[in-house]
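File shown here: entry-v7.cif, holding mmCIF, C-alpha atoms.
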```
data_start
#
loop_
_atom_site.label_atom_id
_atom_site.label_comp_id
_atom_site.auth_asym_id
_atom_site.auth_seq_id
_atom_site.Cartn_x
_atom_site.Cartn_y
_atom_site.Cartn_z
CA MET A 1 72.20 -60.32 -7.32
CA SER A 2 72.57 -57.64 -9.96
CA THR A 3 74.18 -60.14 -12.32
CA MET A 4 70.96 -62.16 -12.61
CA ARG A 5 68.74 -61.70 -15.64
CA PRO A 6 65.14 -60.71 -14.83
CA GLU A 7 63.11 -63.72 -13.78
CA THR A 8 60.04 -62.62 -11.88
CA PRO A 9 57.62 -62.17 -14.79
CA SER A 10 53.96 -61.39 -14.44
CA PRO A 11 52.19 -64.43 -13.07
CA SER A 12 51.66 -66.96 -15.85
CA PRO A 13 48.10 -67.98 -16.63
CA THR A 14 47.26 -71.20 -14.82
CA PRO A 15 47.03 -73.92 -17.46
CA SER A 16 44.26 -76.48 -17.42
CA PRO A 17 45.19 -79.76 -15.73
CA ARG A 18 46.56 -82.30 -18.19
CA PRO A 19 44.95 -85.63 -18.85
CA GLY A 20 45.45 -87.77 -15.76
CA ALA A 21 46.26 -84.80 -13.53
CA GLY A 22 42.84 -85.04 -11.94
CA GLY A 23 42.70 -81.31 -11.21
CA GLU A 24 43.35 -81.93 -7.52
CA GLY A 25 43.57 -79.04 -5.13
CA PRO A 26 46.28 -78.88 -2.43
CA GLY A 27 44.20 -81.03 -0.06
CA GLN A 28 42.86 -83.42 -2.69
CA ARG A 29 45.91 -85.13 -4.18
CA SER A 30 45.29 -88.64 -5.38
CA LYS A 31 47.34 -91.61 -4.26
CA PRO A 32 49.90 -92.52 -6.96
CA ASP A 33 49.69 -95.98 -8.49
CA LEU A 34 53.05 -97.25 -7.26
CA ALA A 35 52.51 -100.75 -8.62
CA ALA A 36 52.20 -99.41 -12.18
CA LEU A 37 55.58 -97.63 -12.21
CA ASP A 38 58.01 -98.62 -14.97
CA PHE A 39 61.37 -97.01 -14.30
CA HIS A 40 62.50 -97.68 -17.88
CA SER A 41 59.84 -95.24 -19.05
CA ALA A 42 59.65 -92.71 -16.25
CA PRO A 43 61.30 -91.78 -12.96
CA PHE A 44 59.44 -91.82 -9.66
CA LEU A 45 61.49 -88.85 -8.45
CA VAL A 46 62.81 -85.78 -10.30
CA ILE A 47 64.97 -83.27 -8.43
CA TRP A 48 65.79 -79.82 -9.78
CA GLU A 49 68.67 -78.02 -8.09
CA VAL A 50 67.23 -74.53 -8.60
CA THR A 51 70.36 -72.81 -7.24
CA ARG A 52 73.63 -73.54 -5.50
CA ALA A 53 73.40 -70.39 -3.41
CA CYS A 54 73.03 -71.03 0.32
CA ASP A 55 73.74 -69.19 3.57
CA LEU A 56 74.96 -72.36 5.31
CA ALA A 57 78.45 -73.88 5.01
CA CYS A 58 77.78 -77.62 5.38
CA LEU A 59 80.88 -79.76 5.85
CA HIS A 60 79.62 -82.49 3.52
CA CYS A 61 77.75 -80.37 0.93
CA ARG A 62 77.24 -82.24 -2.35
CA ALA A 63 76.69 -78.97 -4.22
CA GLU A 64 79.69 -77.19 -2.65
CA ALA A 65 77.24 -74.33 -2.20
CA VAL A 66 78.26 -70.68 -2.36
CA ARG A 67 76.73 -67.46 -1.03
CA GLU A 68 75.66 -65.90 -4.34
CA ARG A 69 73.61 -67.22 -7.23
CA ASN A 70 75.06 -68.24 -10.56
CA PRO A 71 73.93 -66.01 -13.48
CA LEU A 72 73.71 -69.15 -15.64
CA GLU A 73 71.00 -70.78 -13.51
CA LEU A 74 67.85 -71.88 -15.32
CA SER A 75 65.46 -68.92 -15.43
CA THR A 76 61.85 -68.95 -14.28
CA ARG A 77 60.58 -69.61 -17.79
CA GLU A 78 63.20 -72.33 -18.38
CA GLY A 79 62.16 -73.94 -15.11
CA MET A 80 58.51 -73.92 -16.13
CA LYS A 81 59.41 -75.49 -19.47
CA LEU A 82 61.38 -78.14 -17.57
CA MET A 83 58.30 -78.93 -15.50
CA ASP A 84 56.20 -79.15 -18.67
CA ASP A 85 58.70 -81.67 -20.07
CA VAL A 86 58.79 -83.66 -16.83
CA ARG A 87 54.98 -83.79 -16.84
CA ARG A 88 55.26 -85.90 -20.01
CA PHE A 89 56.58 -88.70 -17.79
CA GLY A 90 53.30 -88.70 -15.89
CA ARG A 91 53.16 -87.46 -12.30
CA PRO A 92 56.58 -87.98 -10.74
CA LEU A 93 57.42 -86.37 -7.42
CA PHE A 94 59.16 -83.10 -8.35
CA VAL A 95 61.52 -81.67 -5.74
CA LEU A 96 63.00 -78.16 -5.72
CA THR A 97 66.35 -78.31 -3.95
CA GLY A 98 69.60 -76.37 -3.74
CA GLY A 99 71.69 -74.82 -2.27
CA ASP A 100 68.71 -73.16 -0.69
CA PRO A 101 65.70 -72.75 -3.00
CA LEU A 102 64.64 -69.71 -0.97
CA LYS A 103 67.60 -67.81 -2.41
CA ARG A 104 65.44 -67.55 -5.54
CA PRO A 105 62.62 -64.96 -5.47
CA ASP A 106 60.44 -67.05 -7.78
CA VAL A 107 60.24 -70.23 -5.69
CA VAL A 108 56.55 -69.81 -4.78
CA ASP A 109 55.72 -69.18 -8.46
CA LEU A 110 57.59 -72.34 -9.43
CA VAL A 111 55.71 -74.42 -6.86
CA ARG A 112 52.40 -72.95 -8.00
CA TYR A 113 53.12 -73.69 -11.65
CA GLY A 114 54.25 -77.26 -11.00
CA ALA A 115 51.19 -78.01 -8.87
CA SER A 116 48.87 -76.45 -11.46
CA ILE A 117 50.01 -78.87 -14.17
CA GLY A 118 49.63 -81.91 -11.92
CA LEU A 119 53.13 -82.46 -10.53
CA ARG A 120 53.49 -83.52 -6.90
CA MET A 121 55.67 -80.71 -5.56
CA ALA A 122 58.16 -80.87 -2.67
CA LEU A 123 60.77 -78.39 -1.42
CA THR A 124 64.01 -78.77 0.56
CA PRO A 125 64.91 -75.38 2.08
CA SER A 126 67.93 -74.77 4.28
CA GLY A 127 67.60 -74.16 8.00
CA THR A 128 68.00 -70.38 7.90
CA PRO A 129 65.87 -67.31 8.79
CA LEU A 130 64.77 -67.08 5.13
CA MET A 131 62.01 -69.60 5.88
CA THR A 132 59.23 -67.92 7.82
CA GLU A 133 55.71 -69.03 8.65
CA ASP A 134 54.40 -66.52 6.11
CA VAL A 135 56.51 -68.14 3.38
CA LEU A 136 55.27 -71.58 4.47
CA VAL A 137 51.67 -70.41 4.13
CA GLN A 138 52.39 -69.07 0.64
CA LEU A 139 54.00 -72.37 -0.36
CA LYS A 140 51.10 -74.41 0.97
CA GLU A 141 48.56 -72.21 -0.81
CA ALA A 142 50.63 -72.56 -4.00
CA GLY A 143 50.17 -76.35 -3.84
CA LEU A 144 53.27 -77.66 -2.04
CA SER A 145 52.75 -81.32 -1.09
CA ARG A 146 55.66 -81.75 1.30
CA LEU A 147 58.40 -79.77 3.01
CA ALA A 148 61.67 -81.65 3.54
CA VAL A 149 64.33 -80.26 5.88
CA SER A 150 67.75 -81.46 6.97
CA LEU A 151 68.36 -82.36 10.60
CA ASP A 152 71.65 -84.07 11.41
CA GLY A 153 71.74 -84.05 15.18
CA SER A 154 69.47 -84.37 18.17
CA THR A 155 71.09 -81.24 19.62
CA ALA A 156 72.04 -77.85 18.27
CA ALA A 157 75.72 -78.50 18.95
CA ILE A 158 75.84 -81.58 16.70
CA HIS A 159 73.66 -80.25 13.89
CA ASP A 160 75.16 -76.76 13.76
CA ALA A 161 78.68 -78.23 13.59
CA PHE A 162 77.56 -80.13 10.46
CA ARG A 163 75.88 -77.12 8.89
CA GLY A 164 78.59 -74.60 9.70
CA VAL A 165 76.24 -71.92 11.08
CA ARG A 166 75.14 -71.48 14.68
CA GLY A 167 71.36 -71.36 15.00
CA SER A 168 70.55 -73.67 12.09
CA TRP A 169 69.16 -76.41 14.38
CA GLU A 170 66.80 -73.99 16.10
CA TRP A 171 65.63 -72.48 12.78
CA THR A 172 64.99 -76.00 11.44
CA ILE A 173 62.96 -77.09 14.47
CA ARG A 174 60.90 -73.88 14.29
CA MET A 175 60.27 -74.54 10.59
CA LEU A 176 58.97 -78.04 11.32
CA HIS A 177 56.67 -76.83 14.09
CA ALA A 178 55.35 -73.99 11.91
CA ALA A 179 54.65 -76.39 9.05
CA LYS A 180 52.76 -78.69 11.42
CA ARG A 181 50.66 -75.75 12.68
CA ILE A 182 49.46 -74.91 9.17
CA GLY A 183 48.91 -78.55 8.20
CA LEU A 184 51.80 -78.94 5.76
CA SER A 185 53.28 -82.45 5.46
CA THR A 186 56.92 -82.64 6.54
CA GLN A 187 59.94 -84.86 6.00
CA VAL A 188 63.31 -84.88 7.77
CA ASN A 189 66.51 -85.76 5.90
CA THR A 190 69.39 -86.90 8.11
CA THR A 191 72.92 -87.47 6.88
CA VAL A 192 74.71 -90.34 8.59
CA SER A 193 78.47 -89.96 8.80
CA ARG A 194 81.24 -90.91 11.21
CA TYR A 195 80.50 -87.77 13.19
CA ASN A 196 76.94 -88.48 14.34
CA LEU A 197 76.80 -92.28 14.63
CA ASP A 198 76.66 -92.13 18.41
CA ASP A 199 73.72 -89.71 18.20
CA PHE A 200 71.49 -91.91 16.06
CA THR A 201 69.47 -93.41 18.92
CA ALA A 202 68.78 -89.92 20.28
CA LEU A 203 67.79 -88.82 16.78
CA CYS A 204 65.27 -91.68 16.63
CA GLY A 205 63.67 -90.32 19.77
CA LEU A 206 63.54 -86.78 18.40
CA MET A 207 61.88 -87.92 15.15
CA THR A 208 58.98 -89.50 17.05
CA ARG A 209 58.20 -86.10 18.63
CA LEU A 210 58.28 -83.96 15.49
CA GLY A 211 55.06 -85.06 13.77
CA ILE A 212 56.75 -85.84 10.45
CA SER A 213 55.49 -88.01 7.57
CA LEU A 214 58.86 -89.45 6.52
CA TRP A 215 62.35 -89.81 7.90
CA SER A 216 64.85 -90.17 5.07
CA VAL A 217 68.21 -91.38 6.35
CA PHE A 218 70.98 -90.48 3.91
CA PHE A 219 74.22 -92.45 4.00
CA LEU A 220 77.05 -90.16 2.99
CA VAL A 221 78.53 -90.35 -0.51
CA PRO A 222 82.10 -88.98 -0.70
CA THR A 223 81.49 -86.31 -3.33
CA GLY A 224 81.41 -82.52 -3.20
CA ARG A 225 82.91 -81.44 0.14
CA ALA A 226 82.60 -84.94 1.65
CA SER A 227 85.60 -87.26 1.61
CA PRO A 228 85.98 -91.02 2.20
CA ARG A 229 87.24 -90.38 5.74
CA ASP A 230 83.83 -88.89 6.59
CA VAL A 231 81.92 -92.04 5.60
CA ALA A 232 80.98 -94.61 8.22
CA SER A 233 82.16 -98.19 7.70
CA ALA A 234 80.10 -100.96 6.09
CA ASP A 235 79.55 -102.56 9.50
CA GLU A 236 78.44 -99.22 10.95
CA PHE A 237 76.00 -98.85 8.05
CA GLU A 238 74.64 -102.29 8.90
CA ALA A 239 74.11 -101.39 12.55
CA ILE A 240 72.16 -98.26 11.57
CA PHE A 241 70.02 -100.30 9.15
CA HIS A 242 68.94 -102.56 12.01
CA LEU A 243 68.12 -99.59 14.23
CA MET A 244 65.99 -98.15 11.40
CA TYR A 245 64.13 -101.42 10.97
CA ASP A 246 63.50 -101.70 14.71
CA LEU A 247 62.14 -98.14 14.76
CA SER A 248 59.88 -98.85 11.76
CA LYS A 249 57.93 -101.29 13.94
CA SER A 250 56.54 -98.52 16.13
CA ALA A 251 57.24 -95.19 14.43
CA PRO A 252 54.26 -92.97 13.53
CA PHE A 253 56.04 -92.06 10.27
CA ASP A 254 57.62 -93.77 7.29
CA ILE A 255 61.36 -94.52 7.24
CA LYS A 256 63.59 -94.94 4.21
CA SER A 257 67.26 -94.92 3.31
CA THR A 258 68.81 -92.65 0.69
CA ALA A 259 72.00 -93.68 -1.14
CA ALA A 260 71.89 -97.00 0.71
CA PRO A 261 69.65 -99.45 -1.15
CA GLN A 262 71.23 -102.25 0.87
CA TYR A 263 68.77 -101.31 3.62
CA ARG A 264 66.15 -103.11 1.51
CA ARG A 265 68.22 -106.29 1.88
CA VAL A 266 68.27 -105.90 5.65
CA ILE A 267 64.48 -105.43 5.67
CA LEU A 268 63.99 -108.66 3.74
CA GLN A 269 66.49 -110.57 5.90
CA ARG A 270 64.77 -109.43 9.09
CA GLN A 271 61.30 -110.23 7.76
CA VAL A 272 62.34 -113.70 6.58
CA ALA A 273 63.80 -114.37 10.02
CA GLU A 274 60.54 -113.21 11.62
CA ARG A 275 58.47 -115.54 9.41
CA ARG A 276 60.69 -118.49 10.28
CA ALA A 277 60.29 -117.65 13.96
CA GLY A 278 56.52 -117.46 13.58
CA LYS A 279 56.46 -113.72 14.34
CA ARG A 280 55.30 -112.59 10.90
CA SER A 281 52.55 -113.91 8.63
CA GLU A 282 52.86 -111.47 5.71
CA ARG A 283 55.23 -112.06 2.83
CA PRO A 284 58.54 -110.15 3.04
CA GLU A 285 58.24 -106.62 1.65
CA PRO A 286 61.27 -104.36 1.10
CA LEU A 287 59.23 -101.19 1.59
CA THR A 288 58.53 -100.56 5.28
CA ALA A 289 56.15 -98.00 6.72
CA GLY A 290 55.63 -96.73 10.21
CA VAL A 291 52.47 -97.63 12.10
CA GLY A 292 50.85 -94.25 11.44
CA PHE A 293 52.14 -93.71 7.90
CA SER A 294 49.69 -92.26 5.37
CA LEU A 295 49.74 -91.30 1.68
CA ALA A 296 47.42 -88.37 2.41
CA ASP A 297 49.88 -85.82 1.00
CA GLY A 298 50.04 -87.68 -2.32
CA VAL A 299 53.80 -88.20 -2.21
CA GLY A 300 54.06 -91.94 -1.66
CA ARG A 301 57.03 -94.28 -2.02
CA ALA A 302 58.31 -96.61 -4.73
CA LYS A 303 60.36 -99.81 -4.69
CA GLY A 304 63.88 -100.12 -6.03
CA VAL A 305 64.72 -96.47 -6.78
CA ASN A 306 68.43 -96.00 -7.51
CA ASP A 307 70.66 -93.53 -9.36
CA GLY A 308 69.25 -93.16 -12.87
CA ASP A 309 66.75 -95.93 -12.16
CA GLY A 310 63.56 -94.19 -11.08
CA PHE A 311 65.64 -91.12 -10.21
CA LEU A 312 66.54 -88.05 -12.30
CA PHE A 313 68.45 -84.93 -11.29
CA ILE A 314 68.67 -81.56 -13.06
CA SER A 315 71.48 -79.21 -12.01
CA HIS A 316 71.15 -75.46 -11.53
CA VAL A 317 72.51 -74.91 -15.05
CA GLY A 318 70.39 -77.63 -16.65
CA ALA A 319 72.76 -80.63 -16.71
CA ILE A 320 70.91 -83.98 -16.67
CA TYR A 321 72.38 -86.38 -14.07
CA PRO A 322 71.31 -89.82 -12.77
CA SER A 323 71.42 -88.22 -9.31
CA GLY A 324 73.08 -85.29 -7.60
CA PHE A 325 75.66 -87.67 -6.14
CA LEU A 326 76.54 -89.21 -9.51
CA PRO A 327 77.82 -86.12 -11.37
CA ILE A 328 78.05 -87.50 -14.91
CA ALA A 329 75.99 -85.44 -17.35
CA ALA A 330 74.01 -87.27 -20.02
CA GLY A 331 72.80 -84.02 -21.57
CA ASN A 332 71.41 -80.58 -20.77
CA VAL A 333 67.76 -79.51 -20.74
CA ARG A 334 68.64 -76.35 -22.66
CA LYS A 335 69.43 -78.42 -25.73
CA ASP A 336 68.25 -81.99 -25.07
CA ASP A 337 64.86 -83.59 -24.50
CA VAL A 338 64.94 -84.71 -20.86
CA VAL A 339 62.44 -87.52 -21.51
CA GLU A 340 64.53 -88.94 -24.34
CA VAL A 341 67.73 -88.63 -22.30
CA TYR A 342 66.24 -90.49 -19.34
CA ARG A 343 64.79 -93.26 -21.50
CA HIS A 344 67.51 -93.78 -24.09
CA SER A 345 70.90 -92.30 -23.15
CA PRO A 346 73.62 -94.98 -22.75
CA LEU A 347 74.33 -93.80 -19.20
CA PHE A 348 70.76 -94.16 -17.93
CA VAL A 349 70.16 -97.40 -19.85
CA ALA A 350 73.28 -98.94 -18.30
CA LEU A 351 72.29 -97.89 -14.79
CA ARG A 352 68.91 -99.59 -15.18
CA ASP A 353 70.47 -102.85 -16.40
CA ARG A 354 71.53 -104.59 -13.20
CA SER A 355 72.89 -107.56 -15.14
CA ARG A 356 75.84 -105.27 -15.93
CA LEU A 357 76.85 -104.78 -12.31
CA LYS A 358 80.34 -105.94 -11.38
CA GLY A 359 81.98 -107.56 -8.38
CA LYS A 360 79.81 -108.99 -5.66
CA CYS A 361 76.85 -106.77 -6.66
CA GLY A 362 76.76 -108.60 -9.99
CA VAL A 363 76.19 -112.01 -8.37
CA CYS A 364 74.22 -110.90 -5.33
CA GLU A 365 70.92 -112.61 -4.64
CA TYR A 366 69.50 -109.20 -3.69
CA ARG A 367 70.68 -107.50 -6.88
CA ASP A 368 67.19 -106.71 -8.21
CA VAL A 369 65.98 -105.42 -4.85
CA CYS A 370 69.12 -103.44 -4.01
CA GLY A 371 71.73 -102.90 -6.72
CA GLY A 372 74.07 -100.99 -4.42
CA SER A 373 74.65 -97.24 -4.51
CA ARG A 374 75.86 -96.46 -8.00
CA ALA A 375 76.88 -93.00 -6.82
CA ARG A 376 79.09 -94.36 -4.03
CA ALA A 377 80.63 -96.94 -6.36
CA TYR A 378 81.53 -94.14 -8.77
CA ALA A 379 82.84 -91.83 -6.04
CA VAL A 380 85.14 -94.53 -4.62
CA THR A 381 86.19 -96.51 -7.72
CA GLY A 382 85.49 -94.23 -10.69
CA ASP A 383 83.16 -96.89 -12.16
CA TYR A 384 79.43 -96.60 -11.54
CA LEU A 385 78.91 -100.29 -12.32
CA GLU A 386 81.38 -101.53 -9.73
CA ALA A 387 80.31 -103.17 -6.47
CA GLU A 388 78.94 -101.03 -3.65
CA PRO A 389 82.09 -100.40 -1.55
CA TYR A 390 80.23 -99.96 1.76
CA CYS A 391 78.16 -103.14 1.91
CA ALA A 392 78.81 -105.77 4.58
CA HIS A 393 76.83 -108.52 2.85
CA VAL A 394 78.72 -111.38 1.19
CA PRO A 395 76.51 -113.02 -1.48
CA ALA A 396 76.47 -116.83 -1.47
CA ARG A 397 77.80 -117.03 -5.03
CA TRP A 398 80.57 -114.56 -4.20
CA ALA A 399 81.57 -116.60 -1.16
CA ARG A 400 81.89 -119.63 -3.43
CA GLY A 401 84.11 -117.67 -5.81
CA ALA A 402 81.58 -117.13 -8.60
CA GLY A 403 82.27 -114.03 -10.69
CA ARG A 404 85.60 -113.19 -9.08
CA GLY A 405 87.53 -113.76 -12.26
CA ALA A 406 85.36 -111.27 -14.10
CA ALA A 407 85.68 -108.84 -11.20
CA ALA A 408 89.46 -109.14 -11.28
CA ASP A 409 89.47 -108.41 -15.00
CA ALA A 410 87.21 -105.41 -14.46
CA SER A 411 89.45 -104.02 -11.76
CA ILE A 412 92.31 -103.47 -14.19
CA ALA A 413 90.15 -101.89 -16.89
CA PRO A 414 89.78 -98.09 -17.03
CA PRO A 415 86.70 -96.74 -15.25
CA THR A 416 83.57 -96.43 -17.37
CA GLN A 417 83.09 -92.84 -18.52
CA HIS A 418 80.46 -90.95 -20.47
CA PRO A 419 80.67 -87.50 -22.01
#
```
Could you show the structure in this file as structure tokens?
Amino acid sequence: MSTMRPETPSPSPTPSPRPGAGGEGPGQRSKPDLAALDFHSAPFLVIWEVTRACDLACLHCRAEAVRERNPLELSTREGMKLMDDVRRFGRPLFVLTGGDPLKRPDVVDLVRYGASIGLRMALTPSGTPLMTEDVLVQLKEAGLSRLAVSLDGSTAAIHDAFRGVRGSWEWTIRMLHAAKRIGLSTQVNTTVSRYNLDDFTALCGLMTRLGISLWSVFFLVPTGRASPRDVASADEFEAIFHLMYDLSKSAPFDIKSTAAPQYRRVILQRQVAERRAGKRSERPEPLTAGVGFSLADGVGRAKGVNDGDGFLFISHVGAIYPSGFLPIAAGNVRKDDVVEVYRHSPLFVALRDRSRLKGKCGVCEYRDVCGGSRARAYAVTGDYLEAEPYCAHVPARWARGAGRGAAADASIAPPTQHP
């Protein structure tokens, strides 16, 4: 740690809430206006990878985390400036991730600052002994809206094998229970891969007992330490989507997919089938919520988020990415205006223009609802506009041969790249 420049300054004066911030305290956060979101102007979600240091050794780690911190990480003051810049978007959800954010001594100060200027703050710590109930209390008092933790198995044996450290499952469960005791909203992130498919039903049962607000089911992208052989098949994805939808009917929490927008297609298909069978009166809606789901923590959900489209990622050294799983930098916050990069860089503009999608995604009737994982397309094909390679759906126009000539031409062109 001696290589790090000083970054625990005297506490900064708490600035006055900005126009529109509302000055809410930790228990008084207003519900975001999800209907008013324009992803061309602002993201719904901004993630800052505050460090790549972590005491776990996850088999599929996107960040390829290491034990020690990088001396080139954004400092405390740079992080606060980043939050000031992000606040110009409005009030996106701002997530501190890693590595393990608790490897930084200033994490509570960062949460406090972000909350004080009106950002909705969330944190994704690792399942290690660094997270104690005392730290959770400090984070809640600082204004943390939600704690999100990773849980990849219904048993310690399955989860700890994923995370590479014995005891991680138990530390994670204790963290969730401690957060519930102090009234802090919680979320569980689960990575679906070939190695825990058979455990998914048991995981569903565990989630209903944990008192969480949201279950985010992440479908593996082969980047970082993950490889294509770790990814489940398109048909296996589809089976999990249907289990998620079935659970959403009775779950006391919200359920969403991450890096699998095709789940929205499955939701619509199931709801249309229910209407035709006379089992549903409401119009189809691609955003599902559990029976007991609430926006009380101010976090909320938004429709149609995808890489670079409602989503923005800042690396530990300030690189501006469409997401952590699509590692193409469009700039760096140390020299570029993050708002301008998100709104106007060719990379982000292209990702938000779904008319540019190739292959079957380009002619899919669910293109505007889904769009396929741009990160997975890039990881597998080298072209972030190519078709989602792990989607079982065959669009009607694709089945009739529409667009295949263009797709064939695209397949022999060099992958799209950006500096």
Result set of the PyMOL selection byres ((chain A and resi 270-283) around 12) on the coordinates above, as JSON, numbers by chain: {"A": [241, 242, 243, 244, 245, 246, 248, 249, 263, 264, 265, 266, 267, 268, 269, 284, 285, 286, 287, 288]}
The PyMOL selection byres ((chain A and resi 203-216) around 9) resolved against shown file, as a PyMOL selection string: chain A and resi 146+148+151-155+173+176-177+180+185-191+199-202+217-218+243-244+247+251-258+289-290+292-295+297
Spatial sel., origin (76.4, -86.1, -4.8), limit 6 Å, only C-alpha atoms, listed as number ranges by chain: A: 62, 223, 324-326
Deliver the residues from the most recent selection as a file, using C-alpha atoms, as a PDB file, keeping the file's coordinate frame.
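Okay, this is what ended up in part39.pdb:
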```pdb
ATOM      1  CA  ARG A  62      77.240 -82.240  -2.350  1.00  0.00           C
ATOM      2  CA  THR A 223      81.490 -86.310  -3.330  1.00  0.00           C
ATOM      3  CA  GLY A 324      73.080 -85.290  -7.600  1.00  0.00           C
ATOM      4  CA  PHE A 325      75.660 -87.670  -6.140  1.00  0.00           C
ATOM      5  CA  LEU A 326      76.540 -89.210  -9.510  1.00  0.00           C
TER       6      LEU A 326
END
```
Point (74.8, -76.5, 7.2), cut-off 6 Å, counting all atoms listed in the file, residues as a list in words: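 Applying the cut-off with all atoms listed in the file, one gets Leu56, Ala57, Cys58, Phe162, Arg163 and Gly164 of chain A.
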Please produce a file of those selected residues containing C-alpha atoms, as a PDB file, keeping the file's coordinate frame.
```pdb
ATOM      1  CA  LEU A  56      74.960 -72.360   5.310  1.00  0.00           C
ATOM      2  CA  ALA A  57      78.450 -73.880   5.010  1.00  0.00           C
ATOM      3  CA  CYS A  58      77.780 -77.620   5.380  1.00  0.00           C
ATOM      4  CA  PHE A 162      77.560 -80.130  10.460  1.00  0.00           C
ATOM      5  CA  ARG A 163      75.880 -77.120   8.890  1.00  0.00           C
ATOM      6  CA  GLY A 164      78.590 -74.600   9.700  1.00  0.00           C
TER       7      GLY A 164
END
```
Selection dump of the PyMOL selection byres ((chain A and resi 40) around 8), as a PyMOL selection string: chain A and resi 38-39+41-43+309-310+343+349+352
Keeping only C-alpha atoms, take the residues you just selected and write them out as a PDB file, keeping the file's coordinate frame.
```pdb
ATOM      1  CA  ASP A  38      58.010 -98.620 -14.970  1.00  0.00           C
ATOM      2  CA  PHE A  39      61.370 -97.010 -14.300  1.00  0.00           C
ATOM      3  CA  SER A  41      59.840 -95.240 -19.050  1.00  0.00           C
ATOM      4  CA  ALA A  42      59.650 -92.710 -16.250  1.00  0.00           C
ATOM      5  CA  PRO A  43      61.300 -91.780 -12.960  1.00  0.00           C
ATOM      6  CA  ASP A 309      66.750 -95.930 -12.160  1.00  0.00           C
ATOM      7  CA  GLY A 310      63.560 -94.190 -11.080  1.00  0.00           C
ATOM      8  CA  ARG A 343      64.790 -93.260 -21.500  1.00  0.00           C
ATOM      9  CA  VAL A 349      70.160 -97.400 -19.850  1.00  0.00           C
ATOM     10  CA  ARG A 352      68.910 -99.590 -15.180  1.00  0.00           C
TER      11      ARG A 352
END
```
Shell around range 102-116 of chain A at 6 Å using only C-alpha atoms, local window under 2 positions removed, as an NGL selection string: :A and (100 or 118-119 or 139 or 142-143)
Length of the CA of Ser355 in chain A to CA of Pro222 in chain A vector [Å]: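 One can read the CA of Ser355 in chain A to CA of Pro222 in chain A distance as 25.3 Å.
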Residue nearest Thr124 in chain A - candidates A:Val86, A:Val50, A:Ile182, A:Leu74, atoms counted: all atoms listed in the file: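 Smallest separation from Thr124 in chain A among the options: A:Val50.
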For Asp85 in chain A: contacts at 12 Å, only C-alpha atoms, fewer than 5 positions along chain excluded, given as a VMD selection string: chain A and resid 42 46 78 to 80 90 to 92 94 114 117 119 333 to 334 336 to 342
Once 8 Å is added on each side, what centre and edge lengths in Å to one decimal does the axis-aligned box around all listed atoms of range 382-396 of chain A have, as JSON?
```
{"center_x": 81.0, "center_y": -105.5, "center_z": -3.9, "size_x": 25.0, "size_y": 38.6, "size_z": 32.9}
```
Atomic separation - CA of Ala122 in chain A relative to CA of Asp307 in chain A, Å: 19.0 Å
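What separates CA of Ser227 in chain A from CA of Ala329 in chain A is a distance of 21.3 Å.
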Residue contacts of Val394 in chain A (12 Å, all atoms listed in the file) excluding same-chain residues fewer than 3 positions away, as number ranges by chain: A: 234, 262, 265, 359-366, 387-391, 397-402
Would you mind exporting C-alpha atoms of the selected residues as a compact mmCIF listing (two decimals), in the frame of the given file?
```
# COMPACT_ATOMS: atom_id res chain seq x y z
CA ALA A 234 80.10 -100.96 6.09
CA GLN A 262 71.23 -102.25 0.87
CA ARG A 265 68.22 -106.29 1.88
CA GLY A 359 81.98 -107.56 -8.38
CA LYS A 360 79.81 -108.99 -5.66
CA CYS A 361 76.85 -106.77 -6.66
CA GLY A 362 76.76 -108.60 -9.99
CA VAL A 363 76.19 -112.01 -8.37
CA CYS A 364 74.22 -110.90 -5.33
CA GLU A 365 70.92 -112.61 -4.64
CA TYR A 366 69.50 -109.20 -3.69
CA ALA A 387 80.31 -103.17 -6.47
CA GLU A 388 78.94 -101.03 -3.65
CA PRO A 389 82.09 -100.40 -1.55
CA TYR A 390 80.23 -99.96 1.76
CA CYS A 391 78.16 -103.14 1.91
CA ARG A 397 77.80 -117.03 -5.03
CA TRP A 398 80.57 -114.56 -4.20
CA ALA A 399 81.57 -116.60 -1.16
CA ARG A 400 81.89 -119.63 -3.43
CA GLY A 401 84.11 -117.67 -5.81
CA ALA A 402 81.58 -117.13 -8.60
```
Counting only C-alpha atoms, the residue of A:Asp160, A:Phe348, A:Leu45, A:Phe237 that sits nearest Arg87 in chain A: A:Leu45
Selected residue of minimal separation from Val380 in chain A among A:Val221, A:Leu136, A:Met83, A:Asn332, counting only C-alpha atoms: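 Ranking A:Val221, A:Leu136, A:Met83, A:Asn332 by distance to Val380 in chain A, first place goes to A:Val221.
With distances taken over all atoms listed in the file, A:Ser345 is the one residue among A:Asn70, A:Asn306, A:Thr128, A:Ser345 lying closest to Ile320 in chain A.
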Spatial neighbours of range 131-134 of chain A, 8 Å, all atoms listed in the file, chain gap at least 3 places, as a VMD selection string: chain A and resid 102 125 127 to 128 137 to 138 175 178 to 179
